[in-house]
$ cat structure09.csv   # CSV, C-alpha atoms
chain,number,residue,atom,x,y,z
U,467,MET,CA,-71.0,102.2,72.5
U,468,ARG,CA,-74.5,100.8,72.7
U,469,VAL,CA,-75.1,97.1,72.2
U,470,ARG,CA,-78.6,96.0,72.9
U,471,LYS,CA,-78.8,92.6,74.5
U,472,LYS,CA,-80.9,90.1,76.4
U,473,LYS,CA,-78.7,88.3,78.9
U,474,THR,CA,-75.6,87.4,77.0
U,475,GLU,CA,-77.0,88.0,73.5
U,476,THR,CA,-75.8,90.9,71.3
U,477,ASP,CA,-77.2,92.2,68.0
U,478,SER,CA,-76.1,89.5,65.6
U,479,SER,CA,-77.4,87.3,62.9
U,480,GLY,CA,-75.8,84.3,64.5
U,481,ARG,CA,-74.1,83.3,61.2
U,482,GLY,CA,-70.6,83.3,62.6
U,483,VAL,CA,-67.5,85.4,61.7
U,484,ALA,CA,-66.3,83.3,58.8
U,485,ARG,CA,-69.6,83.1,57.0
U,486,ALA,CA,-70.3,86.8,57.6
U,487,ALA,CA,-66.9,87.6,56.0
U,488,LEU,CA,-67.6,85.5,53.0
U,489,GLU,CA,-70.9,87.3,52.6
U,490,GLY,CA,-69.2,90.7,52.5
U,491,ALA,CA,-70.1,91.8,56.0
U,492,SER,CA,-68.9,95.2,57.2
U,493,ARG,CA,-66.3,95.5,60.0
U,494,GLU,CA,-69.0,96.4,62.5
U,495,GLU,CA,-71.0,93.3,61.6
U,496,LEU,CA,-67.9,91.2,62.0
U,497,LEU,CA,-67.2,92.6,65.4
U,498,ARG,CA,-70.8,92.0,66.5
U,499,GLU,CA,-70.7,88.4,65.2
U,500,ALA,CA,-67.5,87.9,67.3
U,501,LEU,CA,-69.0,89.4,70.4
U,502,TRP,CA,-72.1,87.3,70.1
U,503,ALA,CA,-70.1,84.1,69.7
U,504,LEU,CA,-67.8,84.9,72.6
U,505,ALA,CA,-70.6,86.0,74.9
U,506,ARG,CA,-72.7,82.9,74.1
U,507,GLY,CA,-69.8,80.5,74.7
U,508,GLY,CA,-68.5,81.6,78.2
U,509,ASN,CA,-69.2,83.2,81.5
U,510,ALA,CA,-67.2,86.4,81.0
U,511,ASP,CA,-68.6,89.6,82.5
U,512,ARG,CA,-67.1,91.8,79.7
U,513,ILE,CA,-65.9,91.1,76.2
U,514,GLY,CA,-64.1,93.4,73.8
U,515,VAL,CA,-63.0,92.9,70.2
U,516,TRP,CA,-60.8,95.5,68.6
U,517,LEU,CA,-59.2,95.6,65.2
U,518,LYS,CA,-56.5,97.8,63.7
U,519,ALA,CA,-58.0,100.6,61.6
U,520,ARG,CA,-58.0,100.5,57.8
U,521,PRO,CA,-56.1,103.2,55.8
U,522,GLY,CA,-58.5,106.1,55.1
U,523,MET,CA,-60.6,105.6,58.3
U,524,GLY,CA,-59.2,108.6,60.0
U,525,LEU,CA,-59.3,112.3,59.3
U,526,HIS,CA,-57.5,113.2,56.0
U,527,GLY,CA,-57.1,109.5,55.3
U,528,GLU,CA,-54.6,108.7,58.0
U,529,VAL,CA,-54.7,105.5,60.1
U,530,PRO,CA,-55.8,106.3,63.7
U,531,ALA,CA,-53.4,105.0,66.3
U,532,GLY,CA,-54.3,101.8,68.2
U,533,PHE,CA,-57.2,99.5,67.8
U,534,HIS,CA,-61.0,100.3,67.4
U,535,GLY,CA,-63.9,98.0,68.1
U,536,LEU,CA,-66.9,97.1,70.3
U,537,VAL,CA,-67.3,96.1,73.9
U,538,TRP,CA,-70.1,94.1,75.5
U,539,ASP,CA,-70.8,94.1,79.2
U,540,ARG,CA,-73.1,91.7,81.0
U,541,GLU,CA,-74.6,94.3,83.4
U,542,ASN,CA,-74.8,97.3,81.1
U,543,ALA,CA,-76.6,97.7,77.9
U,544,GLU,CA,-74.5,100.8,77.1
U,545,THR,CA,-70.7,101.0,77.6
U,546,PRO,CA,-68.6,104.2,77.6
U,547,LYS,CA,-67.8,105.5,74.2
U,548,GLU,CA,-64.1,105.7,74.9
U,549,TRP,CA,-63.9,101.9,75.3
U,550,SER,CA,-64.2,101.6,71.6
U,551,ASN,CA,-60.6,102.8,71.3
U,552,LEU,CA,-57.8,100.6,72.7
U,553,SER,CA,-54.3,102.1,72.9
U,554,VAL,CA,-51.2,100.0,71.9
U,555,GLU,CA,-49.6,100.5,75.3
U,556,PRO,CA,-50.1,99.3,78.9
U,557,PRO,CA,-52.3,97.8,80.2
U,558,LEU,CA,-51.9,95.6,77.1
U,559,PRO,CA,-49.3,93.0,78.1
U,560,GLU,CA,-45.9,93.0,76.2
U,561,GLU,CA,-46.3,89.3,75.4
U,562,LEU,CA,-49.5,90.1,73.5
U,563,LEU,CA,-48.1,93.1,71.6
U,564,PHE,CA,-44.6,91.8,70.7
U,565,ARG,CA,-44.9,88.0,70.7
U,566,GLY,CA,-48.5,87.4,69.7
U,567,LYS,CA,-49.3,85.2,72.7
U,568,SER,CA,-52.5,84.8,74.6
U,569,VAL,CA,-52.1,86.3,78.1
U,570,GLU,CA,-54.1,86.0,81.3
U,571,GLN,CA,-53.8,88.9,83.7
U,572,ASP,CA,-54.6,88.9,87.4
U,573,LEU,CA,-55.4,92.6,87.9
U,574,GLU,CA,-55.4,92.3,91.7
U,575,ASP,CA,-51.7,91.3,91.6
U,576,THR,CA,-50.7,94.6,89.9
U,577,PRO,CA,-52.0,97.3,92.3
U,578,ASP,CA,-49.4,99.8,91.1
U,579,GLN,CA,-50.7,99.6,87.6
U,580,PRO,CA,-53.7,101.9,86.9
U,581,ILE,CA,-56.9,100.1,85.8
U,582,ILE,CA,-58.3,102.1,83.0
U,583,GLY,CA,-60.7,101.8,80.1
U,584,ALA,CA,-62.5,98.4,79.6
U,585,LEU,CA,-60.5,96.9,82.5
U,586,VAL,CA,-62.4,99.0,85.1
U,587,GLU,CA,-64.0,96.7,87.9
U,588,LEU,CA,-62.4,93.6,86.4
U,589,ARG,CA,-60.4,91.2,88.5
U,590,ARG,CA,-59.1,88.9,85.8
U,591,ALA,CA,-58.6,89.5,82.1
U,592,PHE,CA,-57.7,87.2,79.2
U,593,TRP,CA,-56.2,88.7,76.1
U,594,ILE,CA,-56.1,86.9,72.7
U,595,PRO,CA,-54.2,88.3,69.7
U,596,ILE,CA,-55.7,88.5,66.2
U,597,GLU,CA,-52.7,87.9,64.0
U,598,LYS,CA,-52.1,87.8,60.2
U,599,GLU,CA,-48.7,87.0,58.8
U,600,ALA,CA,-47.0,87.6,62.2
U,601,GLN,CA,-48.5,91.1,62.5
U,602,LEU,CA,-50.9,92.0,65.3
U,603,LYS,CA,-54.2,93.1,63.6
U,604,GLY,CA,-56.4,93.2,66.7
U,605,VAL,CA,-57.1,91.8,70.1
U,606,ILE,CA,-59.9,90.1,72.0
U,607,LEU,CA,-60.5,90.7,75.7
U,608,ALA,CA,-62.5,88.4,78.0
U,609,GLY,CA,-62.8,89.7,81.6
U,610,THR,CA,-64.5,88.7,84.9
U,611,LYS,CA,-65.3,90.5,88.1
U,612,ARG,CA,-64.9,87.2,90.0
U,613,LYS,CA,-61.7,85.5,91.1
U,614,GLN,CA,-61.8,82.9,88.4
U,615,LEU,CA,-62.5,83.3,84.7
U,616,VAL,CA,-64.5,80.4,83.2
U,617,PHE,CA,-63.8,80.8,79.5
U,618,SER,CA,-62.8,78.6,76.6
U,619,ARG,CA,-59.4,79.7,75.4
U,620,ALA,CA,-59.7,77.4,72.4
U,621,ARG,CA,-63.0,79.0,71.4
U,622,ALA,CA,-61.6,82.5,71.7
U,623,GLU,CA,-58.5,81.7,69.7
U,624,SER,CA,-60.7,80.0,67.0
U,625,ILE,CA,-62.8,83.2,66.6
U,626,ALA,CA,-59.5,85.3,66.5
U,627,ALA,CA,-58.4,83.1,63.6
U,628,GLU,CA,-61.7,83.7,61.8
U,629,LEU,CA,-61.3,87.4,62.3
U,630,ALA,CA,-57.7,87.2,60.9
U,631,LEU,CA,-59.0,85.4,57.8
U,632,ALA,CA,-61.8,88.0,57.5
U,633,LEU,CA,-59.1,90.8,57.5
U,634,GLY,CA,-57.2,88.8,54.9
U,635,ILE,CA,-60.3,88.7,52.6
U,636,GLU,CA,-60.8,92.4,53.2
U,637,GLU,CA,-57.2,93.2,52.3
U,638,GLU,CA,-57.3,91.1,49.1
U,639,GLN,CA,-60.6,92.8,48.1
U,640,ARG,CA,-59.0,96.2,48.8
U,641,ASN,CA,-55.9,95.3,46.8
U,642,ALA,CA,-58.1,94.2,43.9
U,643,ARG,CA,-60.0,97.5,44.0
U,644,LEU,CA,-56.7,99.4,44.0
U,645,ARG,CA,-55.3,97.5,41.0
U,646,SER,CA,-58.6,98.1,39.2
U,647,ALA,CA,-58.3,101.8,39.9
U,648,ASP,CA,-54.7,101.9,38.7
U,649,LEU,CA,-55.6,100.1,35.5
U,650,SER,CA,-58.4,102.6,34.9
U,651,ILE,CA,-55.9,105.5,35.4
U,652,ILE,CA,-53.4,103.8,32.9
U,653,ARG,CA,-56.2,103.2,30.4
U,654,SER,CA,-57.4,106.8,30.6
U,655,LEU,CA,-53.8,108.2,30.2
U,656,LEU,CA,-53.2,105.9,27.2
U,657,GLU,CA,-56.5,106.9,25.6
U,658,THR,CA,-55.5,110.6,26.2
U,659,GLN,CA,-52.2,109.9,24.4
U,660,ALA,CA,-53.8,108.1,21.6
U,661,THR,CA,-56.1,111.0,20.9
U,662,GLY,CA,-53.1,113.1,20.1
U,663,ALA,CA,-53.3,115.2,23.3
U,664,SER,CA,-50.2,117.0,24.4
U,665,VAL,CA,-47.7,115.5,26.8
U,666,GLU,CA,-48.4,118.4,29.0
U,667,THR,CA,-52.0,117.4,29.3
U,668,LEU,CA,-51.1,113.8,30.0
U,669,LEU,CA,-48.6,114.8,32.8
U,670,SER,CA,-51.2,117.2,34.3
U,671,ASN,CA,-53.7,114.4,34.4
U,672,LEU,CA,-51.1,112.0,35.9
U,673,ALA,CA,-50.4,114.5,38.7
U,674,ASP,CA,-54.1,114.8,39.4
U,675,SER,CA,-54.5,111.1,39.6
U,676,CYS,CA,-52.0,111.0,42.5
U,677,THR,CA,-54.0,113.5,44.7
U,678,ASP,CA,-57.4,112.0,43.8
U,679,LYS,CA,-59.1,110.4,46.8
U,680,GLY,CA,-61.1,108.0,44.7
U,681,GLU,CA,-64.4,106.3,45.5
U,682,GLY,CA,-64.2,104.3,48.7
U,683,GLY,CA,-60.7,105.4,49.4
U,684,ASN,CA,-59.3,103.7,46.3
U,685,GLY,CA,-57.4,106.8,45.1
U,686,LEU,CA,-53.8,107.5,46.2
U,687,GLY,CA,-55.0,110.5,48.2
U,688,ALA,CA,-51.6,112.3,48.2
U,689,GLU,CA,-51.8,115.8,49.8
U,690,PHE,CA,-49.7,117.2,47.0
U,691,VAL,CA,-47.7,116.0,43.9
U,692,VAL,CA,-45.3,117.9,41.6
U,693,ILE,CA,-43.6,116.7,38.5
U,694,GLY,CA,-40.4,118.5,37.5
U,695,VAL,CA,-38.5,118.3,34.2
U,696,LEU,CA,-34.9,118.9,33.3
U,697,PRO,CA,-34.9,121.3,30.3
U,698,ASP,CA,-31.6,120.0,28.8
U,699,GLN,CA,-30.0,116.6,29.3
U,700,ARG,CA,-27.2,116.8,26.7
U,701,GLU,CA,-24.7,117.8,29.4
U,702,GLU,CA,-23.1,115.3,31.8
U,703,SER,CA,-24.3,117.2,34.9
U,704,ASN,CA,-27.3,115.8,36.7
U,705,GLY,CA,-28.9,119.3,36.3
U,706,SER,CA,-30.8,119.0,39.6
U,707,ASP,CA,-30.6,122.8,40.1
U,708,ARG,CA,-32.4,123.4,36.8
U,709,VAL,CA,-35.5,121.4,37.4
U,710,GLU,CA,-38.7,123.1,36.2
U,711,PHE,CA,-41.8,122.1,38.1
U,712,ARG,CA,-44.5,122.4,35.4
U,713,TRP,CA,-47.2,120.0,36.7
U,714,ARG,CA,-48.6,120.5,40.2
U,715,SER,CA,-51.6,119.1,42.0
U,716,GLY,CA,-52.9,119.4,45.6
U,717,SER,CA,-52.0,121.7,48.4
U,718,GLU,CA,-50.6,125.0,47.0
U,719,VAL,CA,-48.7,125.6,50.2
U,720,TRP,CA,-46.6,122.6,49.5
U,721,THR,CA,-46.4,122.8,45.7
U,722,ARG,CA,-45.1,126.4,46.0
U,723,ALA,CA,-42.5,125.6,48.6
U,724,ILE,CA,-41.1,122.5,46.8
U,725,GLU,CA,-38.5,124.5,44.9
U,726,SER,CA,-37.1,126.1,48.1
U,727,GLU,CA,-35.1,124.7,51.0
U,728,PRO,CA,-35.5,122.7,53.1
U,729,LEU,CA,-37.9,120.7,50.9
U,730,ALA,CA,-35.7,121.0,47.8
U,731,SER,CA,-32.9,119.0,49.4
U,732,ILE,CA,-35.2,115.9,49.5
U,733,TRP,CA,-35.7,115.7,45.7
U,734,ARG,CA,-32.2,116.9,44.9
U,735,ARG,CA,-30.8,113.8,46.9
U,736,ALA,CA,-33.2,111.6,44.9
U,737,MET,CA,-31.9,112.9,41.6
U,738,GLN,CA,-28.2,112.9,42.6
U,739,GLY,CA,-28.4,109.4,43.9
U,740,ARG,CA,-30.9,108.2,41.3
U,741,ARG,CA,-33.0,106.4,43.9
U,742,VAL,CA,-36.2,106.9,45.7
U,743,ILE,CA,-35.9,109.1,48.8
U,744,GLY,CA,-38.4,109.1,51.6
U,745,SER,CA,-38.3,111.7,54.4
U,746,GLU,CA,-40.5,113.2,57.1
U,747,PRO,CA,-41.4,116.8,56.7
U,748,PRO,CA,-38.6,119.1,57.9
U,749,ILE,CA,-38.9,120.4,61.4
U,750,GLY,CA,-41.2,123.4,61.5
U,751,TRP,CA,-43.2,122.3,58.5
U,752,THR,CA,-46.6,121.3,60.0
U,753,HIS,CA,-48.8,122.5,57.2
U,754,GLY,CA,-51.8,120.2,56.5
U,755,SER,CA,-51.5,116.5,57.2
U,756,VAL,CA,-48.4,115.6,55.3
U,757,ALA,CA,-46.5,113.0,57.3
U,758,ARG,CA,-44.2,111.6,54.6
U,759,ILE,CA,-42.5,113.1,51.5
U,760,LEU,CA,-41.3,110.8,48.7
U,761,ALA,CA,-39.1,111.8,45.7
U,762,PHE,CA,-38.8,109.6,42.6
U,763,PRO,CA,-36.1,110.3,40.0
U,764,LEU,CA,-37.6,110.0,36.5
U,765,GLU,CA,-35.3,108.0,34.3
U,766,SER,CA,-35.7,106.4,30.8
U,767,GLU,CA,-33.0,104.6,28.8
U,768,GLY,CA,-30.4,105.6,31.4
U,769,GLN,CA,-31.2,109.3,31.1
U,770,LEU,CA,-32.3,111.4,34.0
U,771,LEU,CA,-35.3,113.4,32.9
U,772,GLY,CA,-36.9,114.9,36.0
U,773,VAL,CA,-38.4,114.1,39.4
U,774,LEU,CA,-41.8,113.3,40.9
U,775,VAL,CA,-42.4,114.5,44.5
U,776,ALA,CA,-45.4,113.4,46.6
U,777,GLY,CA,-46.6,114.2,50.1
U,778,LEU,CA,-48.6,111.6,51.8
U,779,PRO,CA,-50.9,111.9,54.9
U,780,GLY,CA,-50.2,109.9,58.0
U,781,GLY,CA,-50.5,106.2,57.7
U,782,ALA,CA,-50.7,106.2,53.9
U,783,ALA,CA,-47.1,105.5,53.2
U,784,SER,CA,-47.5,101.8,52.9
U,785,LEU,CA,-45.7,99.5,50.5
U,786,ALA,CA,-48.8,99.3,48.4
U,787,THR,CA,-48.8,103.1,48.1
U,788,LEU,CA,-45.2,103.1,47.2
U,789,ASP,CA,-45.8,100.6,44.4
U,790,ARG,CA,-48.7,102.7,43.1
U,791,LEU,CA,-46.5,105.9,43.1
U,792,GLU,CA,-43.7,104.0,41.4
U,793,LEU,CA,-46.1,103.0,38.6
U,794,ARG,CA,-47.1,106.6,38.1
U,795,ALA,CA,-43.4,107.7,38.2
U,796,ALA,CA,-42.6,105.2,35.5
U,797,MET,CA,-45.4,106.6,33.3
U,798,ALA,CA,-44.2,110.1,33.9
U,799,ALA,CA,-40.7,109.2,32.9
U,800,SER,CA,-42.1,107.6,29.7
U,801,ALA,CA,-44.1,110.7,28.9
U,802,LEU,CA,-41.1,113.0,29.5
U,803,ARG,CA,-39.0,110.7,27.3
U,804,HIS,CA,-41.6,111.0,24.5
U,805,ARG,CA,-41.6,114.8,25.0
U,806,ARG,CA,-37.8,114.9,24.8
U,807,ARG,CA,-37.8,112.9,21.6
U,808,LYS,CA,-40.3,115.2,20.0
U,809,GLU,CA,-38.2,118.2,20.9
U,810,GLU,CA,-35.1,116.5,19.5
U,811,GLU,CA,-36.9,115.7,16.3
U,812,SER,CA,-38.1,119.3,16.0
U,813,HIS,CA,-34.6,120.6,16.5
U,814,LEU,CA,-33.2,118.1,13.9
U,815,VAL,CA,-35.8,119.3,11.3
U,816,VAL,CA,-34.8,123.0,12.0
U,817,TRP,CA,-31.1,122.2,11.8
U,818,GLN,CA,-31.5,120.2,8.5
U,819,GLN,CA,-33.4,123.1,7.0
U,820,VAL,CA,-30.8,125.6,8.1
U,821,LEU,CA,-28.1,123.4,6.6
U,822,LEU,CA,-30.1,123.1,3.3
U,823,ASP,CA,-30.6,126.8,3.1
U,824,SER,CA,-26.9,127.4,3.4
U,825,ILE,CA,-26.3,125.3,0.2
U,826,ARG,CA,-26.5,127.4,-3.0
U,827,GLN,CA,-27.0,124.5,-5.4
U,828,PRO,CA,-30.4,123.0,-5.8
U,829,LEU,CA,-30.8,120.0,-3.5
U,830,LEU,CA,-33.7,117.7,-2.7
U,831,VAL,CA,-33.9,115.4,0.4
U,832,LEU,CA,-36.0,112.3,-0.2
U,833,ASP,CA,-37.4,110.0,2.5
U,834,GLU,CA,-37.2,106.2,2.5
U,835,VAL,CA,-40.1,105.9,-0.1
U,836,GLY,CA,-38.8,108.6,-2.4
U,837,ASN,CA,-41.0,111.5,-1.4
U,838,ILE,CA,-39.5,114.9,-1.1
U,839,ALA,CA,-38.9,115.6,2.6
U,840,ALA,CA,-37.0,118.9,2.2
U,841,SER,CA,-35.3,121.1,-0.3
U,842,SER,CA,-32.6,123.8,-0.5
$ encode --input "structure09.csv" --output "C-alpha cells"
Amino acid sequence: MRVRKKKTETDSSGRGVARAALEGASREELLREALWALARGGNADRIGVWLKARPGMGLHGEVPAGFHGLVWDRENAETPKEWSNLSVEPPLPEELLFRGKSVEQDLEDTPDQPIIGALVELRRAFWIPIEKEAQLKGVILAGTKRKQLVFSRARAESIAAELALALGIEEEQRNARLRSADLSIIRSLLETQATGASVETLLSNLADSCTDKGEGGNGLGAEFVVIGVLPDQREESNGSDRVEFRWRSGSEVWTRAIESEPLASIWRRAMQGRRVIGSEPPIGWTHGSVARILAFPLESEGQLLGVLVAGLPGGAASLATLDRLELRAAMAASALRHRRRKEEESHLVVWQQVLLDSIRQPLLVLDEVGNIAASS
C-alpha cells in the first residue's frame, strides 16, 4: 500500500475522523484521517489502522475474513501490499480480540512467536481495539523499533472511539438504504397486484427481488431462491412431500436440486416444525458461493401454504438479511393465501352451477342486491 508522506504526514485533509464521517467520507478517507492524526501525535515508527470489512466487499458479496486497512511507516513511502490485511489470530493478543482491551507487546520477550506482517522489525507494539456495542470492529497498531514507545494511549483510544462512531453512522446509513430498498420492492409488488396481474407474476417478481444484488449492494443478493406451494390444504397432513416449486430465481444448479435429497430435508424440516430452519450446505455441495441455506414455512391464518428457500453467500446471513427474507416470506404467504382463496371461490362457483343444473325446477339465485347471480 502506498501512502505518500513528508516526515510523519500522510495524505489527509486534516479535518479529523469525526468530521470526515459526518461529511460522508469513504472508508479509505477515514483510514487516512486516522493515520494522519496518529502519526502527527506521536513518535511511532509504524502505524496501522484496520477495520472489519463491510458485507458485499468480497467476491460474490461475502465478507472477507479478518480486518482490512492502511499502514504508514516512517522510513518507507510504500509498504507491502499484504500489510493491508490483518488476520484475526496471533500475533493479535487474546486480550484485544476477546476482551476489547488495549495491549502493549514487548516483541523481544516472545522469541518463539514468529514476527510477521506489519510487526516485522518492530520491538514494541501497542494495540488499541475499535469497538462498537461490545463487538470488535477494527484495531489500531502503533509500533516502534526502539526499546520504548513514546505514544499517547489516550489520543489513540480517542481516535478509535471516533472510528467506532463513524462505523455506527455508516451502519445506520446502510440500514436506511436497505429499508428504502425493501419499501420500493413492497410498493412495486403492491402496484403489480393493483393492476390485476396474476399471483404467479407477483410471486415470480418476489423471487427475483431476493436474488437481486441492487445498486450499491442494497439488494438481498441471494444465490438462489425458490418458492413452493402445496396444491391442496384441505387434508390434515402437512403435505410436505407434495410441494410444487413453481417460482425460481438464481443459480439453476441449486434451484433444480432443491427437490432432491439432501437439500429437500432442510425445507421439509421447516414445514414439519413450522419454523425457520437454517443450515450449511450438505457435505459435498460446494457449487457456487452458497454458505447458508434458509427455509421459511409460508403460513397464513394458521394454514400451511408452502415454503420459501434461499441460499446466501458467505457473510450475508446476518440478522438484517434474515429480517428482510422474513418480510418477503410473509408477502409470499399472503400472495399464496390470495391465490388459494381465488381457487376456492372458483370451485364454489362451479359446484353451485352443478348443483343448480341438477335441479329440474326453474330456480334463480340472487346476490345481496337482488341481481341474478346464477340460474338452473
$ atom_distance --input "structure09.csv" --atom1 "atom CA of Glu574 of chain U" --atom2 "atom CA of Leu558 of chain U"
15.4 Å
$ residues_around --input "structure09.csv" --residues "segment 509-519 of chain U" --least-positions-apart "5" --cutoff "7 Å" --atoms "only C-alpha atoms" --output "PyMOL selection string"
chain U and resi 497+501+529-530+532-540+603-611+615-617
$ atom_distance --input "structure09.csv" --atom1 "atom CA of Pro559 of chain U" --atom2 "atom CA of Gly634 of chain U"
24.9 Å
$ closest_residue --input "structure09.csv" --among "U:Ser553, U:Ser492, U:Ser618, U:Gln769" --to "Val695 of chain U" --atoms "all atoms listed in the file"
U:Gln769
$ atom_distance --input "structure09.csv" --atom1 "atom CA of Ala600 of chain U" --atom2 "atom CA of Leu629 of chain U"
14.3 Å
$ closest_residue --input "structure09.csv" --among "U:Ile635, U:Ser745, U:Leu496, U:Ser784" --to "Lys598 of chain U" --atoms "all atoms listed in the file"
U:Ile635
$ residues_around --input "structure09.csv" --residues "segment 480-486 of chain U" --least-positions-apart "3" --cutoff "8 Å" --atoms "all atoms listed in the file" --output "ChimeraX atom specification"
/U:489-491,495-496,499-500,502-503,625,628-629,631-632
$ write_last_selection --input "structure09.csv" --atoms "C-alpha atoms" --output "PDB file, keeping the file's coordinate frame"
ATOM      1  CA  GLU U 489     -70.900  87.300  52.600  1.00  0.00           C
ATOM      2  CA  GLY U 490     -69.200  90.700  52.500  1.00  0.00           C
ATOM      3  CA  ALA U 491     -70.100  91.800  56.000  1.00  0.00           C
ATOM      4  CA  GLU U 495     -71.000  93.300  61.600  1.00  0.00           C
ATOM      5  CA  LEU U 496     -67.900  91.200  62.000  1.00  0.00           C
ATOM      6  CA  GLU U 499     -70.700  88.400  65.200  1.00  0.00           C
ATOM      7  CA  ALA U 500     -67.500  87.900  67.300  1.00  0.00           C
ATOM      8  CA  TRP U 502     -72.100  87.300  70.100  1.00  0.00           C
ATOM      9  CA  ALA U 503     -70.100  84.100  69.700  1.00  0.00           C
ATOM     10  CA  ILE U 625     -62.800  83.200  66.600  1.00  0.00           C
ATOM     11  CA  GLU U 628     -61.700  83.700  61.800  1.00  0.00           C
ATOM     12  CA  LEU U 629     -61.300  87.400  62.300  1.00  0.00           C
ATOM     13  CA  LEU U 631     -59.000  85.400  57.800  1.00  0.00           C
ATOM     14  CA  ALA U 632     -61.800  88.000  57.500  1.00  0.00           C
TER      15      ALA U 632
END
$ closest_residue --input "structure09.csv" --among "U:Pro748, U:Ser800, U:Phe690, U:Gly739" --to "Glu765 of chain U" --atoms "all atoms listed in the file"
U:Ser800
$ residues_around --input "structure09.csv" --residues "Met737 of chain U" --least-positions-apart "6" --cutoff "10 Å" --atoms "only C-alpha atoms" --output "list in words"
Asn704, Gly705, Ser706, Ser731, Ile743, Ala761, Phe762, Pro763, Leu764, Glu765, Leu770, Leu771, Gly772, Val773 and Leu774 of chain U
$ closest_residue --input "structure09.csv" --among "U:Arg498, U:Arg794, U:Lys567, U:Arg645" --to "Arg619 of chain U" --atoms "all atoms listed in the file"
U:Lys567
